[in-house]
Each structure stands twice: as C-alpha cells, then as structure tokens.
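Dropping final-v9.cif in here (mmCIF, C-alpha atoms, pLDDT in the B column; chains and numbers go by the auth columns):
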```
data_run
loop_
_atom_site.group_PDB
_atom_site.id
_atom_site.type_symbol
_atom_site.label_atom_id
_atom_site.label_comp_id
_atom_site.label_asym_id
_atom_site.label_seq_id
_atom_site.Cartn_x
_atom_site.Cartn_y
_atom_site.Cartn_z
_atom_site.B_iso_or_equiv
_atom_site.auth_seq_id
_atom_site.auth_asym_id
ATOM 1 C CA MET A 1 5.744 -17.538 31.506 38.00 1287 A
ATOM 2 C CA LEU A 2 4.980 -18.734 28.010 38.00 1288 A
ATOM 3 C CA HIS A 3 7.322 -20.698 25.779 49.00 1289 A
ATOM 4 C CA SER A 4 8.092 -17.399 24.017 61.00 1290 A
ATOM 5 C CA SER A 5 7.324 -14.000 25.506 69.00 1291 A
ATOM 6 C CA VAL A 6 8.362 -10.354 25.718 70.00 1292 A
ATOM 7 C CA MET A 7 8.252 -8.425 29.008 74.00 1293 A
ATOM 8 C CA ALA A 8 7.645 -4.666 28.860 74.00 1294 A
ATOM 9 C CA TYR A 9 10.039 -2.166 30.455 92.00 1295 A
ATOM 10 C CA GLU A 10 11.078 1.378 29.489 93.00 1296 A
ATOM 11 C CA ASN A 11 14.883 1.064 29.589 96.00 1297 A
ATOM 12 C CA ILE A 12 15.424 -2.634 28.889 97.00 1298 A
ATOM 13 C CA LEU A 13 13.852 -5.313 26.715 96.00 1299 A
ATOM 14 C CA VAL A 14 13.379 -8.870 27.974 97.00 1300 A
ATOM 15 C CA GLU A 15 12.563 -11.666 25.538 96.00 1301 A
ATOM 16 C CA VAL A 16 12.220 -15.306 26.552 96.00 1302 A
ATOM 17 C CA ALA A 17 12.262 -18.200 24.079 95.00 1303 A
ATOM 18 C CA ASP A 18 13.385 -21.833 24.275 94.00 1304 A
ATOM 19 C CA GLY A 19 14.711 -21.568 27.819 96.00 1305 A
ATOM 20 C CA VAL A 20 16.880 -18.510 27.099 97.00 1306 A
ATOM 21 C CA ALA A 21 16.116 -14.953 28.197 97.00 1307 A
ATOM 22 C CA VAL A 22 17.706 -12.070 26.285 98.00 1308 A
ATOM 23 C CA VAL A 23 17.959 -8.852 28.297 98.00 1309 A
ATOM 24 C CA THR A 24 18.758 -5.868 26.074 97.00 1310 A
ATOM 25 C CA LEU A 25 19.844 -2.562 27.595 97.00 1311 A
ATOM 26 C CA ASN A 26 17.733 -0.147 25.571 96.00 1312 A
ATOM 27 C CA ARG A 27 18.825 3.486 25.914 96.00 1313 A
ATOM 28 C CA LEU A 28 20.135 3.763 22.389 94.00 1314 A
ATOM 29 C CA LYS A 29 20.521 7.569 22.284 94.00 1315 A
ATOM 30 C CA VAL A 30 22.929 7.570 25.244 95.00 1316 A
ATOM 31 C CA LEU A 31 24.786 4.381 24.251 96.00 1317 A
ATOM 32 C CA ASN A 32 22.808 2.379 26.832 96.00 1318 A
ATOM 33 C CA ALA A 33 24.243 4.322 29.790 95.00 1319 A
ATOM 34 C CA LEU A 34 23.198 2.887 33.146 95.00 1320 A
ATOM 35 C CA ASN A 35 20.938 5.331 34.966 94.00 1321 A
ATOM 36 C CA ALA A 36 18.978 4.676 38.167 93.00 1322 A
ATOM 37 C CA ALA A 37 15.794 3.800 36.248 95.00 1323 A
ATOM 38 C CA LEU A 38 17.577 1.180 34.120 96.00 1324 A
ATOM 39 C CA LEU A 39 19.181 -0.408 37.181 96.00 1325 A
ATOM 40 C CA ARG A 40 15.771 -0.577 38.919 96.00 1326 A
ATOM 41 C CA GLU A 41 14.293 -2.331 35.895 97.00 1327 A
ATOM 42 C CA LEU A 42 17.253 -4.707 35.631 97.00 1328 A
ATOM 43 C CA ASP A 43 16.834 -5.533 39.331 97.00 1329 A
ATOM 44 C CA GLY A 44 13.159 -6.381 38.814 97.00 1330 A
ATOM 45 C CA ALA A 45 13.865 -8.351 35.638 97.00 1331 A
ATOM 46 C CA LEU A 46 16.474 -10.474 37.423 97.00 1332 A
ATOM 47 C CA ASP A 47 13.928 -11.321 40.142 97.00 1333 A
ATOM 48 C CA ALA A 48 11.435 -12.367 37.458 96.00 1334 A
ATOM 49 C CA LEU A 49 14.027 -14.497 35.644 97.00 1335 A
ATOM 50 C CA VAL A 50 15.075 -16.277 38.856 96.00 1336 A
ATOM 51 C CA ALA A 51 11.447 -17.125 39.585 96.00 1337 A
ATOM 52 C CA ASP A 52 10.733 -18.434 36.076 95.00 1338 A
ATOM 53 C CA ASP A 53 11.663 -22.126 35.877 94.00 1339 A
ATOM 54 C CA ALA A 54 11.302 -21.976 32.079 94.00 1340 A
ATOM 55 C CA VAL A 55 14.367 -19.694 31.945 97.00 1341 A
ATOM 56 C CA ARG A 56 17.559 -21.755 32.094 97.00 1342 A
ATOM 57 C CA ALA A 57 20.108 -19.204 30.812 98.00 1343 A
ATOM 58 C CA VAL A 58 20.317 -15.448 30.269 98.00 1344 A
ATOM 59 C CA ILE A 59 22.045 -13.256 27.682 98.00 1345 A
ATOM 60 C CA VAL A 60 22.667 -9.566 28.459 98.00 1346 A
ATOM 61 C CA THR A 61 23.477 -7.236 25.554 98.00 1347 A
ATOM 62 C CA GLY A 62 23.059 -3.640 24.407 98.00 1348 A
ATOM 63 C CA ALA A 63 20.690 -2.185 21.833 97.00 1349 A
ATOM 64 C CA GLY A 64 22.249 -1.135 18.538 94.00 1350 A
ATOM 65 C CA GLU A 65 25.739 -1.845 17.262 91.00 1351 A
ATOM 66 C CA LYS A 66 27.774 0.853 19.035 95.00 1352 A
ATOM 67 C CA ALA A 67 27.564 -0.045 22.708 97.00 1353 A
ATOM 68 C CA PHE A 68 26.940 -2.744 25.262 98.00 1354 A
ATOM 69 C CA ALA A 69 26.787 0.015 27.883 98.00 1355 A
ATOM 70 C CA ALA A 70 28.927 3.136 27.791 93.00 1356 A
ATOM 71 C CA GLY A 71 29.079 3.564 31.545 88.00 1357 A
ATOM 72 C CA ALA A 72 26.989 5.238 34.198 84.00 1358 A
ATOM 73 C CA ASP A 73 24.825 8.273 33.428 82.00 1359 A
ATOM 74 C CA ILE A 74 27.296 11.167 33.917 85.00 1360 A
ATOM 75 C CA GLN A 75 24.524 13.740 34.394 85.00 1361 A
ATOM 76 C CA GLU A 76 23.229 11.709 37.330 86.00 1362 A
ATOM 77 C CA LEU A 77 26.749 11.247 38.722 89.00 1363 A
ATOM 78 C CA ALA A 78 27.583 14.950 38.538 90.00 1364 A
ATOM 79 C CA ALA A 79 24.875 15.776 41.098 92.00 1365 A
ATOM 80 C CA VAL A 80 25.850 13.107 43.647 92.00 1366 A
ATOM 81 C CA ASN A 81 27.536 14.000 46.964 93.00 1367 A
ATOM 82 C CA GLY A 82 29.617 11.706 49.199 91.00 1368 A
ATOM 83 C CA LEU A 83 26.848 9.984 51.142 93.00 1369 A
ATOM 84 C CA GLU A 84 24.662 9.687 48.064 94.00 1370 A
ATOM 85 C CA GLY A 85 27.618 8.254 46.142 94.00 1371 A
ATOM 86 C CA GLN A 86 28.169 5.503 48.680 96.00 1372 A
ATOM 87 C CA ALA A 87 24.464 4.588 48.544 95.00 1373 A
ATOM 88 C CA LEU A 88 24.509 4.698 44.728 94.00 1374 A
ATOM 89 C CA ALA A 89 27.510 2.347 44.586 96.00 1375 A
ATOM 90 C CA ALA A 90 25.926 -0.035 47.121 97.00 1376 A
ATOM 91 C CA ARG A 91 22.710 -0.154 45.055 96.00 1377 A
ATOM 92 C CA GLY A 92 24.570 -0.923 41.831 97.00 1378 A
ATOM 93 C CA GLN A 93 26.728 -3.518 43.571 98.00 1379 A
ATOM 94 C CA ARG A 94 23.614 -5.241 44.929 98.00 1380 A
ATOM 95 C CA VAL A 95 22.002 -5.497 41.469 98.00 1381 A
ATOM 96 C CA PHE A 96 25.205 -6.748 39.823 98.00 1382 A
ATOM 97 C CA GLY A 97 25.755 -9.185 42.702 97.00 1383 A
ATOM 98 C CA LYS A 98 22.257 -10.544 42.115 97.00 1384 A
ATOM 99 C CA MET A 99 23.121 -11.157 38.464 98.00 1385 A
ATOM 100 C CA GLU A 100 26.433 -12.826 39.372 97.00 1386 A
ATOM 101 C CA THR A 101 24.704 -15.247 41.768 96.00 1387 A
ATOM 102 C CA LEU A 102 21.512 -15.734 39.757 96.00 1388 A
ATOM 103 C CA GLY A 103 21.905 -19.516 39.832 96.00 1389 A
ATOM 104 C CA LYS A 104 21.492 -19.487 36.051 98.00 1390 A
ATOM 105 C CA PRO A 105 24.345 -18.761 33.630 98.00 1391 A
ATOM 106 C CA VAL A 106 24.476 -15.161 32.405 98.00 1392 A
ATOM 107 C CA ILE A 107 26.332 -14.477 29.152 98.00 1393 A
ATOM 108 C CA ALA A 108 27.389 -10.896 28.444 98.00 1394 A
ATOM 109 C CA ALA A 109 27.286 -10.369 24.663 98.00 1395 A
ATOM 110 C CA ILE A 110 29.482 -7.274 24.363 98.00 1396 A
ATOM 111 C CA ASN A 111 28.604 -5.415 21.165 96.00 1397 A
ATOM 112 C CA GLY A 112 30.745 -2.272 21.151 96.00 1398 A
ATOM 113 C CA PHE A 113 31.666 -0.056 24.095 98.00 1399 A
ATOM 114 C CA ALA A 114 31.620 -1.599 27.589 98.00 1400 A
ATOM 115 C CA LEU A 115 32.954 1.228 29.704 98.00 1401 A
ATOM 116 C CA GLY A 116 32.770 2.040 33.402 97.00 1402 A
ATOM 117 C CA GLY A 117 29.530 0.605 34.745 97.00 1403 A
ATOM 118 C CA GLY A 118 29.073 -1.224 31.454 98.00 1404 A
ATOM 119 C CA CYS A 119 32.378 -3.047 31.914 98.00 1405 A
ATOM 120 C CA GLU A 120 31.396 -3.756 35.532 98.00 1406 A
ATOM 121 C CA LEU A 121 28.095 -5.225 34.363 98.00 1407 A
ATOM 122 C CA ALA A 122 30.006 -7.535 32.013 98.00 1408 A
ATOM 123 C CA LEU A 123 32.361 -8.503 34.862 98.00 1409 A
ATOM 124 C CA ALA A 124 29.374 -9.714 36.886 98.00 1410 A
ATOM 125 C CA ALA A 125 28.279 -12.086 34.095 98.00 1411 A
ATOM 126 C CA THR A 126 29.190 -15.773 34.163 98.00 1412 A
ATOM 127 C CA ILE A 127 30.861 -15.624 30.736 98.00 1413 A
ATOM 128 C CA ARG A 128 31.765 -12.745 28.415 98.00 1414 A
ATOM 129 C CA ILE A 129 31.713 -12.864 24.606 98.00 1415 A
ATOM 130 C CA ALA A 130 32.794 -9.776 22.658 98.00 1416 A
ATOM 131 C CA SER A 131 32.425 -8.695 19.055 98.00 1417 A
ATOM 132 C CA GLU A 132 35.706 -7.975 17.267 98.00 1418 A
ATOM 133 C CA GLY A 133 35.151 -4.217 17.447 97.00 1419 A
ATOM 134 C CA ALA A 134 34.274 -4.101 21.147 98.00 1420 A
ATOM 135 C CA LYS A 135 36.181 -1.736 23.447 98.00 1421 A
ATOM 136 C CA LEU A 136 36.335 -2.248 27.205 98.00 1422 A
ATOM 137 C CA GLY A 137 37.553 0.081 29.909 98.00 1423 A
ATOM 138 C CA GLN A 138 37.230 1.539 33.394 98.00 1424 A
ATOM 139 C CA PRO A 139 37.683 5.291 32.784 97.00 1425 A
ATOM 140 C CA GLU A 140 36.463 6.444 36.214 97.00 1426 A
ATOM 141 C CA VAL A 141 39.819 8.053 37.181 97.00 1427 A
ATOM 142 C CA LYS A 142 39.251 10.535 34.351 96.00 1428 A
ATOM 143 C CA LEU A 143 36.181 11.759 36.258 95.00 1429 A
ATOM 144 C CA GLY A 144 37.858 11.914 39.651 96.00 1430 A
ATOM 145 C CA LEU A 145 36.233 8.628 40.641 96.00 1431 A
ATOM 146 C CA ILE A 146 36.949 4.947 41.099 97.00 1432 A
ATOM 147 C CA PRO A 147 34.707 2.124 39.875 97.00 1433 A
ATOM 148 C CA GLY A 148 31.713 1.829 42.188 96.00 1434 A
ATOM 149 C CA TYR A 149 29.831 -1.203 40.879 97.00 1435 A
ATOM 150 C CA GLY A 150 32.487 -3.816 41.654 98.00 1436 A
ATOM 151 C CA GLY A 151 35.139 -3.052 39.043 98.00 1437 A
ATOM 152 C CA SER A 152 38.020 -2.591 41.468 98.00 1438 A
ATOM 153 C CA GLN A 153 37.268 -6.021 42.947 98.00 1439 A
ATOM 154 C CA ARG A 154 36.033 -8.258 40.113 98.00 1440 A
ATOM 155 C CA LEU A 155 38.562 -7.023 37.540 98.00 1441 A
ATOM 156 C CA PRO A 156 41.720 -8.050 39.481 98.00 1442 A
ATOM 157 C CA ARG A 157 40.086 -11.352 40.433 97.00 1443 A
ATOM 158 C CA LEU A 158 39.525 -12.021 36.737 97.00 1444 A
ATOM 159 C CA VAL A 159 42.680 -10.692 35.068 98.00 1445 A
ATOM 160 C CA GLY A 160 45.190 -10.356 37.928 97.00 1446 A
ATOM 161 C CA LYS A 161 46.335 -7.261 39.824 98.00 1447 A
ATOM 162 C CA GLY A 162 48.810 -5.926 37.268 98.00 1448 A
ATOM 163 C CA ALA A 163 46.501 -5.947 34.239 98.00 1449 A
ATOM 164 C CA ALA A 164 43.673 -4.586 36.388 98.00 1450 A
ATOM 165 C CA MET A 165 45.798 -1.756 37.786 98.00 1451 A
ATOM 166 C CA LYS A 166 46.867 -0.771 34.276 98.00 1452 A
ATOM 167 C CA MET A 167 43.218 -0.458 33.172 98.00 1453 A
ATOM 168 C CA LEU A 168 42.052 1.225 36.379 98.00 1454 A
ATOM 169 C CA LEU A 169 44.874 3.782 36.651 98.00 1455 A
ATOM 170 C CA THR A 170 45.119 4.810 32.988 98.00 1456 A
ATOM 171 C CA GLY A 171 41.384 4.764 32.282 98.00 1457 A
ATOM 172 C CA GLU A 172 42.296 3.637 28.767 98.00 1458 A
ATOM 173 C CA MET A 173 40.084 1.464 26.614 98.00 1459 A
ATOM 174 C CA ILE A 174 41.379 -1.892 25.436 98.00 1460 A
ATOM 175 C CA SER A 175 40.421 -3.805 22.317 98.00 1461 A
ATOM 176 C CA ALA A 176 38.482 -7.057 22.267 98.00 1462 A
ATOM 177 C CA ALA A 177 41.706 -8.848 21.278 98.00 1463 A
ATOM 178 C CA GLU A 178 43.569 -7.422 24.282 98.00 1464 A
ATOM 179 C CA ALA A 179 40.598 -8.248 26.547 98.00 1465 A
ATOM 180 C CA LEU A 180 40.801 -11.849 25.317 98.00 1466 A
ATOM 181 C CA HIS A 181 44.572 -11.903 25.886 98.00 1467 A
ATOM 182 C CA ILE A 182 44.272 -10.838 29.550 98.00 1468 A
ATOM 183 C CA GLY A 183 41.212 -12.999 30.238 98.00 1469 A
ATOM 184 C CA LEU A 184 38.676 -10.201 30.553 98.00 1470 A
ATOM 185 C CA VAL A 185 36.556 -11.831 27.846 98.00 1471 A
ATOM 186 C CA ASP A 186 36.284 -15.534 27.039 98.00 1472 A
ATOM 187 C CA GLU A 187 35.619 -15.392 23.295 98.00 1473 A
ATOM 188 C CA VAL A 188 35.831 -12.851 20.473 98.00 1474 A
ATOM 189 C CA VAL A 189 33.661 -13.306 17.376 98.00 1475 A
ATOM 190 C CA PRO A 190 32.797 -11.232 14.285 97.00 1476 A
ATOM 191 C CA ALA A 191 30.091 -8.669 15.079 93.00 1477 A
ATOM 192 C CA GLY A 192 27.546 -10.366 12.837 96.00 1478 A
ATOM 193 C CA GLU A 193 27.975 -13.640 14.711 98.00 1479 A
ATOM 194 C CA LEU A 194 27.840 -12.309 18.295 98.00 1480 A
ATOM 195 C CA MET A 195 24.215 -13.067 19.151 98.00 1481 A
ATOM 196 C CA THR A 196 24.222 -16.353 17.230 98.00 1482 A
ATOM 197 C CA ARG A 197 27.208 -17.531 19.263 98.00 1483 A
ATOM 198 C CA ALA A 198 25.707 -16.237 22.518 98.00 1484 A
ATOM 199 C CA ARG A 199 22.429 -18.038 21.801 98.00 1485 A
ATOM 200 C CA THR A 200 24.241 -21.262 20.928 98.00 1486 A
ATOM 201 C CA LEU A 201 26.237 -21.150 24.157 98.00 1487 A
ATOM 202 C CA ALA A 202 23.183 -20.206 26.217 98.00 1488 A
ATOM 203 C CA GLY A 203 21.201 -23.000 24.560 97.00 1489 A
ATOM 204 C CA THR A 204 23.888 -25.547 25.437 97.00 1490 A
ATOM 205 C CA MET A 205 23.842 -24.447 29.085 97.00 1491 A
ATOM 206 C CA ALA A 206 20.046 -24.326 29.126 96.00 1492 A
ATOM 207 C CA GLY A 207 20.078 -27.984 28.061 96.00 1493 A
ATOM 208 C CA MET A 208 21.971 -29.091 31.168 97.00 1494 A
ATOM 209 C CA ALA A 209 20.466 -30.206 34.490 96.00 1495 A
ATOM 210 C CA PRO A 210 19.321 -26.959 36.161 96.00 1496 A
ATOM 211 C CA ILE A 211 20.209 -27.987 39.718 97.00 1497 A
ATOM 212 C CA ALA A 212 23.688 -29.071 38.610 97.00 1498 A
ATOM 213 C CA VAL A 213 24.184 -25.764 36.779 97.00 1499 A
ATOM 214 C CA ARG A 214 23.083 -23.805 39.851 96.00 1500 A
ATOM 215 C CA GLN A 215 25.387 -25.764 42.152 97.00 1501 A
ATOM 216 C CA CYS A 216 28.329 -25.428 39.729 97.00 1502 A
ATOM 217 C CA ILE A 217 27.937 -21.638 39.839 96.00 1503 A
ATOM 218 C CA ALA A 218 27.589 -21.734 43.632 96.00 1504 A
ATOM 219 C CA ALA A 219 30.638 -23.984 44.044 97.00 1505 A
ATOM 220 C CA VAL A 220 32.854 -21.600 42.060 96.00 1506 A
ATOM 221 C CA HIS A 221 31.599 -18.351 43.609 94.00 1507 A
ATOM 222 C CA GLU A 222 31.350 -19.549 47.194 96.00 1508 A
ATOM 223 C CA GLY A 223 34.609 -21.490 47.125 96.00 1509 A
ATOM 224 C CA TYR A 224 36.749 -18.978 45.230 94.00 1510 A
ATOM 225 C CA ASP A 225 38.015 -17.004 48.236 92.00 1511 A
ATOM 226 C CA LEU A 226 38.023 -19.879 50.734 97.00 1512 A
ATOM 227 C CA PRO A 227 41.147 -21.828 51.715 97.00 1513 A
ATOM 228 C CA LEU A 228 41.408 -24.847 49.398 98.00 1514 A
ATOM 229 C CA ASP A 229 40.515 -27.452 52.040 98.00 1515 A
ATOM 230 C CA GLU A 230 37.334 -25.548 52.990 98.00 1516 A
ATOM 231 C CA ALA A 231 36.437 -25.013 49.343 98.00 1517 A
ATOM 232 C CA LEU A 232 36.870 -28.726 48.610 98.00 1518 A
ATOM 233 C CA ALA A 233 34.648 -29.628 51.560 98.00 1519 A
ATOM 234 C CA HIS A 234 32.029 -27.241 50.181 97.00 1520 A
ATOM 235 C CA GLU A 235 32.333 -28.861 46.750 98.00 1521 A
ATOM 236 C CA ALA A 236 31.833 -32.318 48.297 98.00 1522 A
ATOM 237 C CA ALA A 237 28.686 -31.107 50.083 97.00 1523 A
ATOM 238 C CA LEU A 238 27.233 -29.692 46.859 98.00 1524 A
ATOM 239 C CA PHE A 239 28.206 -32.887 44.979 97.00 1525 A
ATOM 240 C CA GLY A 240 26.305 -34.862 47.606 97.00 1526 A
ATOM 241 C CA LEU A 241 23.314 -32.565 47.233 97.00 1527 A
ATOM 242 C CA CYS A 242 23.291 -33.246 43.473 97.00 1528 A
ATOM 243 C CA CYS A 243 23.571 -37.004 44.072 97.00 1529 A
ATOM 244 C CA GLY A 244 20.258 -36.884 45.926 97.00 1530 A
ATOM 245 C CA THR A 245 18.319 -35.346 43.024 97.00 1531 A
ATOM 246 C CA THR A 246 15.910 -36.884 40.545 97.00 1532 A
ATOM 247 C CA ASP A 247 17.915 -35.231 37.772 97.00 1533 A
ATOM 248 C CA LYS A 248 21.101 -37.100 38.762 97.00 1534 A
ATOM 249 C CA ALA A 249 19.188 -40.402 38.642 97.00 1535 A
ATOM 250 C CA GLU A 250 17.774 -39.453 35.252 97.00 1536 A
ATOM 251 C CA GLY A 251 21.108 -38.176 33.895 97.00 1537 A
ATOM 252 C CA THR A 252 23.069 -41.291 34.806 97.00 1538 A
ATOM 253 C CA ARG A 253 20.284 -43.584 33.586 96.00 1539 A
ATOM 254 C CA ALA A 254 19.999 -41.684 30.280 96.00 1540 A
ATOM 255 C CA PHE A 255 23.758 -41.949 29.767 96.00 1541 A
ATOM 256 C CA LEU A 256 23.713 -45.708 30.345 97.00 1542 A
ATOM 257 C CA GLU A 257 20.681 -46.100 28.076 97.00 1543 A
ATOM 258 C CA LYS A 258 22.329 -43.928 25.381 97.00 1544 A
ATOM 259 C CA ARG A 259 19.479 -41.406 25.171 96.00 1545 A
ATOM 260 C CA ALA A 260 18.946 -37.710 25.882 95.00 1546 A
ATOM 261 C CA ALA A 261 18.119 -36.889 29.506 95.00 1547 A
ATOM 262 C CA LYS A 262 14.818 -35.244 30.377 96.00 1548 A
ATOM 263 C CA TRP A 263 15.440 -32.859 33.267 96.00 1549 A
ATOM 264 C CA SER A 264 12.761 -32.157 35.866 93.00 1550 A
ATOM 265 C CA GLY A 265 14.749 -29.648 37.937 92.00 1551 A
ATOM 266 C CA ARG A 266 14.267 -31.804 41.032 94.00 1552 A
#
```

Rewrite the structure from the file as structure tokens, please.
Amino acid sequence: MLHSSVMAYENILVEVADGVAVVTLNRLKVLNALNAALLRELDGALDALVADDAVRAVIVTGAGEKAFAAGADIQELAAVNGLEGQALAARGQRVFGKMETLGKPVIAAINGFALGGGCELALAATIRIASEGAKLGQPEVKLGLIPGYGGSQRLPRLVGKGAAMKMLLTGEMISAAEALHIGLVDEVVPAGELMTRARTLAGTMAGMAPIAVRQCIAAVHEGYDLPLDEALAHEAALFGLCCGTTDKAEGTRAFLEKRAAKWSGR
C-alpha cells in the first residue's frame, strides 16, 4: 500500500497515511448502524490492515457528528429467528474479536451515539476516546434481547460487574463524563479535537517498535484471564521473544546513542 491511500468500500471508508489507518463507518442516514454488509466490509478491511506492514495503528470512527454507530440494524434484527440469531451473534463476535486481537492498536474515536453494537465495537478497541457529547449504552433489553457482539462479556471486564449490570439491565444511555468515570472510555475531549487527539495518540503508537506493540497487546489479552503465575510466565516468554529481535537491538542502541530508533519490524 502507498504512503497515503484510500480503499473503496460501500459502507465504510478506509484511509491510510503516515502509518495510521482511519476506518470510518459510513452509513450516515441510519447513524452508521451495523448491518451485515458493513460487518462483512469491516472484516475484509481488518484482514487488509493486518497484512499491510505500513499500517502501525488504526482509528475507528463514525461518519458525521451524530453517531459513532447507533447499534445494529433493527430491520435486519426483526426478521431473525433463534438459530439465525445465534449465527448472527457469532459472526459479529468473530469480526470484533479480530479487531481486538489485530496486533496493532485500535483507537475508537467515539463521536456521538455508541449504542448496542456500536458500544460493543468500541469495547473491542484497544483504547476509547469520546467527544464531550458522546452517549454510550447497551439498550438491547428494550428490544427483548441481550448484547450479542460481546457486550455482556467485555463490558463487565472493563468497568466491573455492578456498573455493567446497571447499563445492561436499564438499557439507559450514559454520558461521556460518566463513561470516563466508570472506565468505559479512557479520555474525553471537545468534539472539535476528537480526531486530532486520536491521530496524535495513534501516531505515537505507530512510532513504537511494531513487534513490541504486538506482543504488548498479546500479553495483556492472553494473560488477562490466566492465573497470575501463568500470566507472568507468558509475559516472560514474550519478553524473551522481543529480546531476540533486530528492533530490540536497534532500540537499546539508539537509546544509548541518544538518537531516534529506526524500526525494521524484525
């Protein structure tokens, strides 16, 4: 892929520049609701971004100012029966799981409503930044449903059982400030500064050693649910793996020589 490029899809936009890919959910008329076609395109885009060594970090956001993603497509959901629903949830979970374990940091830049599947998409990101006016929620109980794209599992892991249960069982939206308070988002910024901040953060991460970044993400995700002694052993193994890389030799040498490191990704 070129230094700067735009990839063509119908429901998303993907722009790559300076090591950072920006994926924009682009169904403006329906507040970027997640239908099957959008999820298919997101799945394919994630595969392309993994394979592109020029991409070091990813930002996911929504088109327009009103919504990151206002949930799943209710018209699609209304027609789904039990077996189809299980398959639908499994498909969405697989795509979001791919994003969570991309091996490259994914920043959710939450510009407005992140509800239902939109909140679940944000939960699968590495880091979440919200604009001051953002609203987050899991309103599935209002439709006779539960979250199906990981919300009932990632939300309590992130904010604790009590805060998660309150969101899941009331279906109520919370403000960006409340989301920051409970740990659902990591930063809140004025709306006009959201993408600037996301790009700055993504650029910082893109400037780090790519193997080290990948192994950091792996260490956290793979060790999170392990007993501490097993998780520490896993960390030591990944630390050893990093010690054998060209980038570690370059990084330590650059530090000692008081210069910027030049990463090779090897």

Item to complete: For a cut-off of 9 Å around (25.5, 4.2, 26.7), file coordinates, pick out all residues using all atoms listed in the file and list them as a PyMOL selection string.
Response: chain A and resi 1311-1320+1348+1352-1359+1399-1401+1404

Item to complete: Could you jot down the CA of Ser1417 in chain A to CA of Ala1323 in chain A separation for me, Å, one decimal place?
Response: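 Atom-to-atom, CA of Ser1417 in chain A to CA of Ala1323 in chain A, that is 27.0 Å.
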
Discussion item. Assuming the chain letters and numbering stay as they are in my file, what does the PyMOL selection byres ((chain A and resi 1379) around 10) actually select? List them as a list in words.
Written reply: Ala1373, Leu1374, Ala1375, Ala1376, Arg1377, Gly1378, Arg1380, Val1381, Phe1382, Gly1383, Lys1384, Met1385, Glu1406, Leu1407, Ala1410, Gly1434, Tyr1435, Gly1436 and Gly1437 of chain A

Practice prompt. Using the chain letters and numbering of this document, enumerate as a count of residues only the residues selected by the PyMOL selection byres ((chain A and resi 1494) around 12).
Written response: 30

Worksheet item: With only C-alpha atoms as the atoms that count, which of A:Asn1321, A:Leu1388, A:Val1308, A:Tyr1295 lies nearest to Ala1337 in chain A?
Response: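 Looking at the shortest contact to Ala1337 in chain A, the residue is A:Leu1388.
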
Practice prompt. Could you please determine the separation between CA of Leu1328 in chain A and CA of Ala1307 in chain A in Å, to one decimal place?
Written response: 12.7 Å

Mind dumping range 1345-1357 of chain A from that block, keeping N, CA and C atoms, as a PDB file, in the first residue's frame?
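Printed below is part-v3.pdb as written:
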```pdb
ATOM      1  N   ILE A1345      -7.516   3.845  13.611  1.00  0.00           N
ATOM      2  CA  ILE A1345      -8.574   4.614  14.278  1.00  0.00           C
ATOM      3  C   ILE A1345      -9.903   4.187  13.662  1.00  0.00           C
ATOM      4  N   VAL A1346     -10.901   3.890  14.501  1.00  0.00           N
ATOM      5  CA  VAL A1346     -12.248   3.592  14.010  1.00  0.00           C
ATOM      6  C   VAL A1346     -13.167   4.698  14.493  1.00  0.00           C
ATOM      7  N   THR A1347     -13.947   5.280  13.581  1.00  0.00           N
ATOM      8  CA  THR A1347     -14.873   6.353  13.943  1.00  0.00           C
ATOM      9  C   THR A1347     -16.111   6.273  13.066  1.00  0.00           C
ATOM     10  N   GLY A1348     -17.070   7.165  13.309  1.00  0.00           N
ATOM     11  CA  GLY A1348     -18.299   7.179  12.527  1.00  0.00           C
ATOM     12  C   GLY A1348     -18.383   8.420  11.662  1.00  0.00           C
ATOM     13  N   ALA A1349     -19.041   8.299  10.529  1.00  0.00           N
ATOM     14  CA  ALA A1349     -19.239   9.456   9.649  1.00  0.00           C
ATOM     15  C   ALA A1349     -20.198  10.443  10.302  1.00  0.00           C
ATOM     16  N   GLY A1350     -19.979  11.724  10.045  1.00  0.00           N
ATOM     17  CA  GLY A1350     -20.848  12.759  10.592  1.00  0.00           C
ATOM     18  C   GLY A1350     -20.536  13.053  12.045  1.00  0.00           C
ATOM     19  N   GLU A1351     -21.382  13.885  12.642  1.00  0.00           N
ATOM     20  CA  GLU A1351     -21.143  14.330  14.021  1.00  0.00           C
ATOM     21  C   GLU A1351     -22.083  13.683  15.025  1.00  0.00           C
ATOM     22  N   LYS A1352     -23.134  12.995  14.536  1.00  0.00           N
ATOM     23  CA  LYS A1352     -24.166  12.497  15.454  1.00  0.00           C
ATOM     24  C   LYS A1352     -23.847  11.147  16.066  1.00  0.00           C
ATOM     25  N   ALA A1353     -23.152  10.276  15.310  1.00  0.00           N
ATOM     26  CA  ALA A1353     -23.032   8.901  15.805  1.00  0.00           C
ATOM     27  C   ALA A1353     -21.720   8.247  15.420  1.00  0.00           C
ATOM     28  N   PHE A1354     -21.175   7.514  16.369  1.00  0.00           N
ATOM     29  CA  PHE A1354     -20.118   6.532  16.115  1.00  0.00           C
ATOM     30  C   PHE A1354     -20.788   5.351  15.415  1.00  0.00           C
ATOM     31  N   ALA A1355     -21.712   4.712  16.098  1.00  0.00           N
ATOM     32  CA  ALA A1355     -22.585   3.696  15.500  1.00  0.00           C
ATOM     33  C   ALA A1355     -23.766   3.506  16.442  1.00  0.00           C
ATOM     34  N   ALA A1356     -24.965   3.720  15.910  1.00  0.00           N
ATOM     35  CA  ALA A1356     -26.154   3.691  16.763  1.00  0.00           C
ATOM     36  C   ALA A1356     -26.750   2.290  16.850  1.00  0.00           C
ATOM     37  N   GLY A1357     -25.902   1.290  16.901  1.00  0.00           N
ATOM     38  CA  GLY A1357     -26.386  -0.065  17.133  1.00  0.00           C
ATOM     39  C   GLY A1357     -26.462  -0.914  15.889  1.00  0.00           C
TER      40      GLY A1357
END
```
